[in-house]
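Take a look at the structure below.
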Amino acid sequence: MKRAGHKVVVGTEAPQTSHTSKKQKTGFYGSVFGDSAPCPSMDWGSLPHHVILRVFQFLPLVDRARASSVCRRWNEVFHIPDLWRRFEFELSQPATSYLKSTHPDLIQQIIKRHADHLQYVSFKVDSSTESAEAACDILSQLVNCSIKTLGLISTAKPSFMNVSKAHFASALTVVFVNSKSLSSIKVDDTPLDDPSLKVLVANNSDTLKLLKMSSCPHVSPAGILCVADQCHGLKELALNYYILSDELLLALSSEKHVDLEHLRIDVVSENPGQVEFHPIKKQSWDALVKHSPKVNIVMYFFLYEEEFDVFFREETPVTHLYFGRAVSKAMLGRIGMNCPRLIELVVCANGLQPLDQELIQIAQRCKNLTAMGLGECEVTCRGFVEFVKMCGGRLTQLSIMEEVLIPDSDYSLDRLHLEVSKHLGRMWFPDMMPTW
């Protein structure tokens with residue numbers, strides 16, 4: 001349905017099932033017992049509440065609303081609070097949506113009757129400003145909510161970034177102030193700002209455990225430092241590298257904090273040469289690991305080769321590394337030298353220089369490495385076998401495109417998989433490029 005040039009689609013999350021329901025003839029159990037075996041007609045209205053509730057959880061919102069009009073019993077189940085604890089609002093324009101439209105009156109009915117039941121809420125919007133503004137309008141109405149999980153997801157940019165900062169902050173403030181028990185927040189590519197974070201902390205500091213806020217340019221290091229200082233139960237934190245600082249790592253290393261379990265850092269550059277990345281001192285990393293020895297430090301890199309200069313010149317306790325763009329041999333050499341806690345390494349591309357020595361050095365020094373993925377790179381079969389031999393059975397995940405491997409006098413591709421399988425202790429084959 002159209003409203004102000006956009007379509008609002010509201011749906012619920014439901015678990016997937018591999019079983020396909022089969023339409024059966026009325027009064028019969030179908031082909032299982034044969035078409036000739038009659039049975040009493042099924043009284044759908046007498047099904048137990050928990051069975052009807054389970055059925056409703058699989059239905060899209062529109063079908064669920066229609067089903068509620070079948071009888072009084074089904075209508076009662078339609079309003080059971082358990083059915084409205086987890087909810088996803090999908091908001092999109094007609095041109096980009098493949099879902100059925102939902103009448104705004106139904107949205108208002110949900111907010112009016114079930115706002116105080118909502119606990120796990122996400123908003124998924126397309127790239128249009130109208131969809132993002134509609135999401136903010138709905139957020140502003142959740143004045144009686146007790147939300148525990150909030151997610152704002154843009155399926156394409158810019159979406160929330162085109163909404164005025166005042167409108168966005170006002171909508172978030174309603175949720176932050178009224179919920180009082182937020183434990184998990186994911187807000188990527190939004191105009192979230194420092195004052196909004198202060199409101200969040202003032203009302204949910206005792207409950208917040210997970211905060212993911214990548215690509216939020218209005219948040220400063222001081223804003224996230226406020227969260228780190230006051231949210232003592234924080235377990236997971238995801239942020240852009242420009243927010244990361246020595247002060248923040250030291251704050252997360254304070255004795256008053258519960259141990260951080262997961263720190264994700266996105267290192268992103270859209271325009272080469274326009275961003276100067278600051279170094280983080282080894283002492284700051286060491287303080288974090290000393291305080292939280294089991295912390296996973298995950299770094300996603302989307303940089304150009306000339307922008308890597310400040311990284312991994314000293315020992316860095318990163319555990320998971322993902323390179324979405326080409327990375328040089330020199331950088332991979334630094335990783336082998338200075339990342340002793342490394343568990344997983346994924347390299348999207350490198351170029352046409354074999355990485356034999358770099359991989360062997362990583363195998364020698366990164367004793368915790370259990371997962372490796374290589375995309376557009378080159379490694380000789382001999383060098384790859386040596387790498388696998390040194391890692392042995394601890395490599396639980398090994399994803400290498402066949403095109404990466406260069407046959408040599410020692411190993412053909414046919415022999416390679418047998419040799420690698422022997423050292424891994426399981427059957428292994430290189431990944432194949434799809435032909436379609």
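Naming scheme: A, B, ... for chains in displayed order of the structure tokens; residues 1 onward per chain; ligands 1 onward as shown.
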What are the closest atom pairs, with distances in Å to one decimal, for all residues of stretch 167-228 of chain A lying within 12 Å of stretch 250-262 of chain A? Consider only C-alpha atoms, order rows by chain and residue number, and present the result as JSON lines.
{"residue": "A:Ser205", "atom": "CA", "partner": "A:His257", "partner_atom": "CA", "distance": 12.0}
{"residue": "A:Asp206", "atom": "CA", "partner": "A:Val258", "partner_atom": "CA", "distance": 11.5}
{"residue": "A:Leu208", "atom": "CA", "partner": "A:Val258", "partner_atom": "CA", "distance": 11.8}
{"residue": "A:Lys209", "atom": "CA", "partner": "A:Leu260", "partner_atom": "CA", "distance": 9.3}
{"residue": "A:Leu210", "atom": "CA", "partner": "A:His262", "partner_atom": "CA", "distance": 9.1}
{"residue": "A:Leu211", "atom": "CA", "partner": "A:His262", "partner_atom": "CA", "distance": 10.4}
{"residue": "A:Lys212", "atom": "CA", "partner": "A:His262", "partner_atom": "CA", "distance": 10.8}
{"residue": "A:Pro221", "atom": "CA", "partner": "A:Ala251", "partner_atom": "CA", "distance": 11.6}
{"residue": "A:Ala222", "atom": "CA", "partner": "A:Ala251", "partner_atom": "CA", "distance": 11.2}
{"residue": "A:Ile224", "atom": "CA", "partner": "A:Ala251", "partner_atom": "CA", "distance": 10.2}
{"residue": "A:Leu225", "atom": "CA", "partner": "A:Ala251", "partner_atom": "CA", "distance": 7.2}
{"residue": "A:Cys226", "atom": "CA", "partner": "A:Ala251", "partner_atom": "CA", "distance": 9.3}
{"residue": "A:Val227", "atom": "CA", "partner": "A:Ala251", "partner_atom": "CA", "distance": 9.7}
{"residue": "A:Ala228", "atom": "CA", "partner": "A:Leu252", "partner_atom": "CA", "distance": 6.0}
Requested write-out: N, CA, C and O atoms of the selected residues, as a short mmCIF file (atom, residue, chain, number, x, y, z; two decimals), in the first residue's frame:
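So the final result, stored in result06.cif, reads:
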data_model
loop_
_atom_site.label_atom_id
_atom_site.label_comp_id
_atom_site.auth_asym_id
_atom_site.auth_seq_id
_atom_site.Cartn_x
_atom_site.Cartn_y
_atom_site.Cartn_z
N SER A 205 22.81 1.58 31.60
CA SER A 205 24.21 1.23 31.87
C SER A 205 24.36 -0.12 32.56
O SER A 205 25.37 -0.81 32.37
N ASP A 206 23.38 -0.53 33.33
CA ASP A 206 23.48 -1.80 34.07
C ASP A 206 23.14 -3.01 33.21
O ASP A 206 23.44 -4.14 33.61
N LEU A 208 23.39 -3.03 29.41
CA LEU A 208 23.98 -3.07 28.07
C LEU A 208 25.16 -4.05 28.03
O LEU A 208 26.13 -3.92 28.77
N LYS A 209 25.08 -5.02 27.11
CA LYS A 209 26.14 -6.03 26.96
C LYS A 209 26.76 -6.02 25.57
O LYS A 209 27.91 -6.39 25.41
N LEU A 210 26.00 -5.60 24.57
CA LEU A 210 26.51 -5.63 23.19
C LEU A 210 26.17 -4.32 22.50
O LEU A 210 25.01 -3.89 22.51
N LEU A 211 27.17 -3.68 21.89
CA LEU A 211 26.96 -2.44 21.15
C LEU A 211 27.73 -2.51 19.84
O LEU A 211 28.96 -2.61 19.83
N LYS A 212 26.99 -2.51 18.72
CA LYS A 212 27.59 -2.50 17.39
C LYS A 212 27.19 -1.21 16.71
O LYS A 212 26.00 -0.95 16.51
N PRO A 221 35.41 9.66 19.75
CA PRO A 221 36.06 8.80 20.76
C PRO A 221 35.57 9.09 22.17
O PRO A 221 35.45 8.18 22.99
N ALA A 222 35.27 10.35 22.46
CA ALA A 222 34.77 10.70 23.80
C ALA A 222 33.41 10.05 24.06
O ALA A 222 33.12 9.63 25.19
N ILE A 224 32.18 7.14 22.81
CA ILE A 224 32.31 5.71 23.08
C ILE A 224 33.06 5.48 24.38
O ILE A 224 32.84 4.49 25.08
N LEU A 225 33.94 6.41 24.75
CA LEU A 225 34.64 6.31 26.03
C LEU A 225 33.65 6.42 27.19
O LEU A 225 33.80 5.73 28.22
N CYS A 226 32.62 7.23 27.02
CA CYS A 226 31.56 7.35 28.02
C CYS A 226 30.87 6.00 28.22
O CYS A 226 30.58 5.59 29.35
N VAL A 227 30.62 5.28 27.13
CA VAL A 227 30.00 3.95 27.22
C VAL A 227 30.93 2.99 27.95
O VAL A 227 30.51 2.25 28.85
N ALA A 228 32.20 3.00 27.55
CA ALA A 228 33.16 2.07 28.17
C ALA A 228 33.33 2.34 29.66
O ALA A 228 33.51 1.41 30.46
#
**Request:** Between A:Ala115, A:Leu200, A:Leu416, A:Ile265, single out the one closest to A:Leu237, counting only C-alpha atoms.
**Result:** A:Ile265
**Request:** Would you list the contacts of A:Ala371 as an NGL selection string, taking every protein, DNA or RNA residue within 9 Å and counting only C-alpha atoms, but skipping same-chain residues closer than 5 positions in sequence?
**Result:** :A and (343-346 or 394-399)
Generate the output file for the selected residues, N, CA and C atoms, as a PDB file, in the first residue's frame.
ATOM      1  N   ILE A 343      43.958 -16.344  14.988  1.00  0.00           N
ATOM      2  CA  ILE A 343      43.168 -17.585  14.883  1.00  0.00           C
ATOM      3  C   ILE A 343      42.660 -17.793  13.466  1.00  0.00           C
ATOM      4  N   GLU A 344      42.253 -16.698  12.817  1.00  0.00           N
ATOM      5  CA  GLU A 344      41.666 -16.812  11.478  1.00  0.00           C
ATOM      6  C   GLU A 344      42.205 -15.705  10.580  1.00  0.00           C
ATOM      7  N   LEU A 345      42.537 -16.066   9.336  1.00  0.00           N
ATOM      8  CA  LEU A 345      43.042 -15.101   8.364  1.00  0.00           C
ATOM      9  C   LEU A 345      42.355 -15.335   7.028  1.00  0.00           C
ATOM     10  N   VAL A 346      41.761 -14.276   6.472  1.00  0.00           N
ATOM     11  CA  VAL A 346      41.118 -14.339   5.161  1.00  0.00           C
ATOM     12  C   VAL A 346      41.676 -13.210   4.306  1.00  0.00           C
ATOM     13  N   ARG A 394      45.223 -28.800  13.292  1.00  0.00           N
ATOM     14  CA  ARG A 394      44.534 -27.662  13.926  1.00  0.00           C
ATOM     15  C   ARG A 394      43.841 -26.764  12.918  1.00  0.00           C
ATOM     16  N   LEU A 395      44.133 -26.931  11.614  1.00  0.00           N
ATOM     17  CA  LEU A 395      43.434 -26.156  10.580  1.00  0.00           C
ATOM     18  C   LEU A 395      42.051 -26.762  10.356  1.00  0.00           C
ATOM     19  N   THR A 396      41.085 -26.289  11.100  1.00  0.00           N
ATOM     20  CA  THR A 396      39.731 -26.826  10.986  1.00  0.00           C
ATOM     21  C   THR A 396      38.986 -26.261   9.781  1.00  0.00           C
ATOM     22  N   GLN A 397      39.415 -25.082   9.291  1.00  0.00           N
ATOM     23  CA  GLN A 397      38.810 -24.484   8.112  1.00  0.00           C
ATOM     24  C   GLN A 397      39.922 -24.058   7.154  1.00  0.00           C
ATOM     25  N   LEU A 398      39.831 -24.545   5.919  1.00  0.00           N
ATOM     26  CA  LEU A 398      40.844 -24.226   4.921  1.00  0.00           C
ATOM     27  C   LEU A 398      40.148 -24.057   3.576  1.00  0.00           C
ATOM     28  N   SER A 399      39.965 -22.808   3.178  1.00  0.00           N
ATOM     29  CA  SER A 399      39.239 -22.507   1.946  1.00  0.00           C
ATOM     30  C   SER A 399      40.189 -21.816   0.965  1.00  0.00           C
TER      31      SER A 399
END
**All strand (DSSP E) positions in stretch 187-314 of chain A, as JSON, numbers by chain** = {"A": [187, 210, 211, 212, 236, 237, 238, 239, 240, 262, 263, 264, 265, 266, 267, 268, 296, 297, 298, 299, 300, 301, 302]}
**Request:** Find the residues around A:Asp246 up to 10 Å (only C-alpha atoms counted), leave out those fewer than 4 positions away in its own chain, and share them as a VMD selection string.
**Result:** chain A and resid 250 to 252 279 to 285 287
For the residues in the current selection, export N, CA and C atoms as a PDB file, in the first residue's frame.
ATOM      1  N   LEU A 250      42.467   1.554  27.303  1.00  0.00           N
ATOM      2  CA  LEU A 250      42.799   1.596  28.724  1.00  0.00           C
ATOM      3  C   LEU A 250      41.539   1.616  29.580  1.00  0.00           C
ATOM      4  N   ALA A 251      40.486   2.300  29.088  1.00  0.00           N
ATOM      5  CA  ALA A 251      39.211   2.311  29.818  1.00  0.00           C
ATOM      6  C   ALA A 251      38.607   0.907  29.855  1.00  0.00           C
ATOM      7  N   LEU A 252      38.703   0.185  28.732  1.00  0.00           N
ATOM      8  CA  LEU A 252      38.189  -1.185  28.681  1.00  0.00           C
ATOM      9  C   LEU A 252      39.042  -2.140  29.511  1.00  0.00           C
ATOM     10  N   PRO A 279      48.206   5.357  14.785  1.00  0.00           N
ATOM     11  CA  PRO A 279      48.663   4.105  15.393  1.00  0.00           C
ATOM     12  C   PRO A 279      48.129   3.946  16.813  1.00  0.00           C
ATOM     13  N   ILE A 280      48.013   2.694  17.253  1.00  0.00           N
ATOM     14  CA  ILE A 280      47.661   2.379  18.635  1.00  0.00           C
ATOM     15  C   ILE A 280      48.902   1.802  19.308  1.00  0.00           C
ATOM     16  N   LYS A 281      49.196   2.267  20.504  1.00  0.00           N
ATOM     17  CA  LYS A 281      50.403   1.834  21.193  1.00  0.00           C
ATOM     18  C   LYS A 281      50.307   0.373  21.636  1.00  0.00           C
ATOM     19  N   LYS A 282      51.440  -0.299  21.585  1.00  0.00           N
ATOM     20  CA  LYS A 282      51.501  -1.689  22.029  1.00  0.00           C
ATOM     21  C   LYS A 282      51.091  -1.818  23.497  1.00  0.00           C
ATOM     22  N   GLN A 283      51.450  -0.837  24.340  1.00  0.00           N
ATOM     23  CA  GLN A 283      51.109  -0.888  25.757  1.00  0.00           C
ATOM     24  C   GLN A 283      49.598  -0.903  25.972  1.00  0.00           C
ATOM     25  N   SER A 284      48.861  -0.209  25.098  1.00  0.00           N
ATOM     26  CA  SER A 284      47.396  -0.164  25.234  1.00  0.00           C
ATOM     27  C   SER A 284      46.788  -1.520  24.887  1.00  0.00           C
ATOM     28  N   TRP A 285      47.282  -2.130  23.788  1.00  0.00           N
ATOM     29  CA  TRP A 285      46.817  -3.477  23.440  1.00  0.00           C
ATOM     30  C   TRP A 285      47.145  -4.458  24.568  1.00  0.00           C
ATOM     31  N   ALA A 287      47.513  -3.934  27.712  1.00  0.00           N
ATOM     32  CA  ALA A 287      46.660  -3.722  28.887  1.00  0.00           C
ATOM     33  C   ALA A 287      45.306  -4.401  28.706  1.00  0.00           C
TER      34      ALA A 287
END
Quick one: pick out all helix (DSSP H, G or I) residues within stretch 130-198 of chain A from a backbone DSSP run and write them as a short mmCIF file (atom, residue, chain, number, x, y, z; two decimals) with C-alpha atoms, in the first residue's frame.
data_model
loop_
_atom_site.label_atom_id
_atom_site.label_comp_id
_atom_site.auth_asym_id
_atom_site.auth_seq_id
_atom_site.Cartn_x
_atom_site.Cartn_y
_atom_site.Cartn_z
CA GLU A 130 11.20 7.77 3.29
CA SER A 131 11.69 4.25 4.63
CA ALA A 132 14.19 5.41 7.24
CA GLU A 133 11.87 8.22 8.34
CA ALA A 134 9.01 5.74 8.65
CA ALA A 135 11.22 3.63 10.92
CA CYS A 136 11.94 6.68 13.08
CA ASP A 137 8.22 7.46 13.28
CA ILE A 138 7.52 3.95 14.57
CA LEU A 139 10.38 4.16 17.08
CA SER A 140 8.95 7.43 18.40
CA SER A 159 19.03 5.30 4.25
CA PHE A 160 19.27 6.44 7.91
CA MET A 161 22.16 8.78 7.09
CA ASN A 162 19.74 10.95 5.08
CA LYS A 165 20.09 14.01 13.03
CA ALA A 166 17.48 15.65 15.27
CA HIS A 167 14.69 13.36 14.03
CA PHE A 168 16.83 10.25 14.42
CA ALA A 169 18.11 11.22 17.88
CA SER A 170 14.60 12.05 19.06
CA ALA A 171 13.30 8.65 17.96
CA LEU A 172 16.17 6.77 19.64
CA THR A 173 15.75 8.78 22.83
CA VAL A 174 12.19 7.47 23.21
CA VAL A 175 13.48 3.89 23.21
CA PHE A 176 16.56 4.58 25.32
CA VAL A 177 14.58 6.39 28.01
CA ASN A 178 11.60 4.05 28.18
CA SER A 179 13.19 0.64 27.81
CA ASP A 194 27.41 11.47 21.51
CA PRO A 195 24.36 13.00 23.27
CA SER A 196 22.29 9.95 22.24
CA LEU A 197 24.93 7.66 23.73
CA LYS A 198 24.79 9.62 26.99
#
**Message:** Residues within 7 Å of A:Pro407, please, as a ChimeraX atom specification. Count only C-alpha atoms; anything in the same chain fewer than 6 positions from it doesn't count.
**Reply:** /A:380-381,413
**Within 8 Å of stretch 313-326 of chain A using only C-alpha atoms, minus same-chain residues under 2 positions, as an MDAnalysis selection string** = chainID A and resid 282 285:286 289 296:305 310:311 328 334 337:351
Based on the selection just made, write N, CA, C and O atoms of those residues as a compact mmCIF listing (two decimals), in the first residue's frame.
# COMPACT_ATOMS: atom_id res chain seq x y z
N LYS A 282 51.44 -0.30 21.58
CA LYS A 282 51.50 -1.69 22.03
C LYS A 282 51.09 -1.82 23.50
O LYS A 282 50.42 -2.78 23.89
N TRP A 285 47.28 -2.13 23.79
CA TRP A 285 46.82 -3.48 23.44
C TRP A 285 47.15 -4.46 24.57
O TRP A 285 46.31 -5.30 24.94
N ASP A 286 48.35 -4.37 25.09
CA ASP A 286 48.78 -5.29 26.14
C ASP A 286 47.91 -5.17 27.38
O ASP A 286 47.58 -6.17 28.03
N VAL A 289 44.57 -7.04 26.76
CA VAL A 289 44.70 -8.49 26.80
C VAL A 289 45.02 -8.99 28.21
O VAL A 289 44.56 -10.05 28.63
N ASN A 296 38.43 -11.77 21.95
CA ASN A 296 38.62 -11.89 20.50
C ASN A 296 38.67 -10.48 19.91
O ASN A 296 37.75 -9.69 20.10
N ILE A 297 39.76 -10.17 19.21
CA ILE A 297 39.91 -8.88 18.56
C ILE A 297 39.84 -9.11 17.06
O ILE A 297 40.74 -9.73 16.47
N VAL A 298 38.76 -8.65 16.45
CA VAL A 298 38.47 -8.91 15.05
C VAL A 298 38.65 -7.62 14.26
O VAL A 298 38.09 -6.59 14.62
N MET A 299 39.42 -7.68 13.17
CA MET A 299 39.64 -6.48 12.35
C MET A 299 39.27 -6.78 10.90
O MET A 299 39.75 -7.77 10.32
N TYR A 300 38.40 -5.94 10.35
CA TYR A 300 38.03 -6.00 8.94
C TYR A 300 38.70 -4.84 8.22
O TYR A 300 38.47 -3.68 8.57
N PHE A 301 39.51 -5.14 7.22
CA PHE A 301 40.22 -4.11 6.48
C PHE A 301 39.65 -3.93 5.08
O PHE A 301 39.50 -4.90 4.33
N PHE A 302 39.30 -2.69 4.76
CA PHE A 302 38.91 -2.32 3.40
C PHE A 302 39.73 -1.08 3.03
O PHE A 302 39.22 0.04 2.96
N LEU A 303 41.03 -1.28 2.84
CA LEU A 303 41.96 -0.20 2.56
C LEU A 303 42.65 -0.44 1.22
O LEU A 303 42.62 -1.54 0.67
N TYR A 304 43.28 0.62 0.73
CA TYR A 304 44.17 0.49 -0.41
C TYR A 304 45.59 0.25 0.11
O TYR A 304 45.92 0.63 1.25
N GLU A 305 46.42 -0.37 -0.70
CA GLU A 305 47.71 -0.85 -0.23
C GLU A 305 48.55 0.23 0.44
O GLU A 305 49.23 0.00 1.44
N VAL A 310 50.63 2.14 8.93
CA VAL A 310 50.71 2.23 10.40
C VAL A 310 50.36 0.93 11.10
O VAL A 310 50.53 0.82 12.33
N PHE A 311 49.88 -0.07 10.37
CA PHE A 311 49.37 -1.27 11.02
C PHE A 311 50.42 -2.37 11.13
O PHE A 311 51.23 -2.59 10.22
N SER A 328 49.47 -6.34 0.49
CA SER A 328 50.80 -6.62 -0.05
C SER A 328 51.48 -7.79 0.65
O SER A 328 51.11 -8.17 1.77
N ARG A 334 54.42 -8.85 7.92
CA ARG A 334 54.29 -8.24 9.24
C ARG A 334 53.33 -9.03 10.12
O ARG A 334 53.53 -9.17 11.33
N MET A 337 54.97 -11.87 11.65
CA MET A 337 55.92 -11.47 12.69
C MET A 337 55.24 -10.97 13.96
O MET A 337 55.72 -11.22 15.07
N ASN A 338 54.09 -10.27 13.82
CA ASN A 338 53.55 -9.49 14.94
C ASN A 338 52.13 -9.83 15.37
O ASN A 338 51.53 -9.06 16.12
N CYS A 339 51.58 -10.96 14.93
CA CYS A 339 50.22 -11.33 15.33
C CYS A 339 50.20 -12.74 15.92
O CYS A 339 49.60 -13.66 15.35
N PRO A 340 50.82 -12.94 17.07
CA PRO A 340 50.93 -14.30 17.64
C PRO A 340 49.61 -14.90 18.10
O PRO A 340 49.51 -16.12 18.24
N ARG A 341 48.57 -14.07 18.33
CA ARG A 341 47.28 -14.60 18.79
C ARG A 341 46.33 -14.94 17.62
O ARG A 341 45.19 -15.35 17.85
N LEU A 342 46.81 -14.81 16.39
CA LEU A 342 45.94 -14.96 15.22
C LEU A 342 45.29 -16.34 15.17
O LEU A 342 45.96 -17.37 15.28
N ILE A 343 43.96 -16.34 14.99
CA ILE A 343 43.17 -17.59 14.88
C ILE A 343 42.66 -17.79 13.47
O ILE A 343 42.65 -18.91 12.95
N GLU A 344 42.25 -16.70 12.82
CA GLU A 344 41.67 -16.81 11.48
C GLU A 344 42.20 -15.71 10.58
O GLU A 344 42.32 -14.55 11.01
N LEU A 345 42.54 -16.07 9.34
CA LEU A 345 43.04 -15.10 8.36
C LEU A 345 42.35 -15.34 7.03
O LEU A 345 42.36 -16.45 6.50
N VAL A 346 41.76 -14.28 6.47
CA VAL A 346 41.12 -14.34 5.16
C VAL A 346 41.68 -13.21 4.31
O VAL A 346 41.61 -12.04 4.69
N VAL A 347 42.24 -13.57 3.16
CA VAL A 347 42.83 -12.60 2.24
C VAL A 347 42.06 -12.66 0.94
O VAL A 347 42.07 -13.68 0.24
N CYS A 348 41.38 -11.56 0.61
CA CYS A 348 40.56 -11.51 -0.61
C CYS A 348 41.45 -11.51 -1.85
O CYS A 348 41.15 -12.17 -2.84
N ALA A 349 42.55 -10.74 -1.81
CA ALA A 349 43.40 -10.62 -2.99
C ALA A 349 44.79 -10.18 -2.57
O ALA A 349 44.98 -9.54 -1.54
N ASN A 350 45.78 -10.54 -3.41
CA ASN A 350 47.15 -10.11 -3.16
C ASN A 350 47.83 -9.64 -4.44
O ASN A 350 48.53 -8.65 -4.46
N GLY A 351 47.63 -10.33 -5.51
CA GLY A 351 48.32 -9.99 -6.74
C GLY A 351 48.92 -11.24 -7.35
O GLY A 351 48.39 -12.34 -7.15
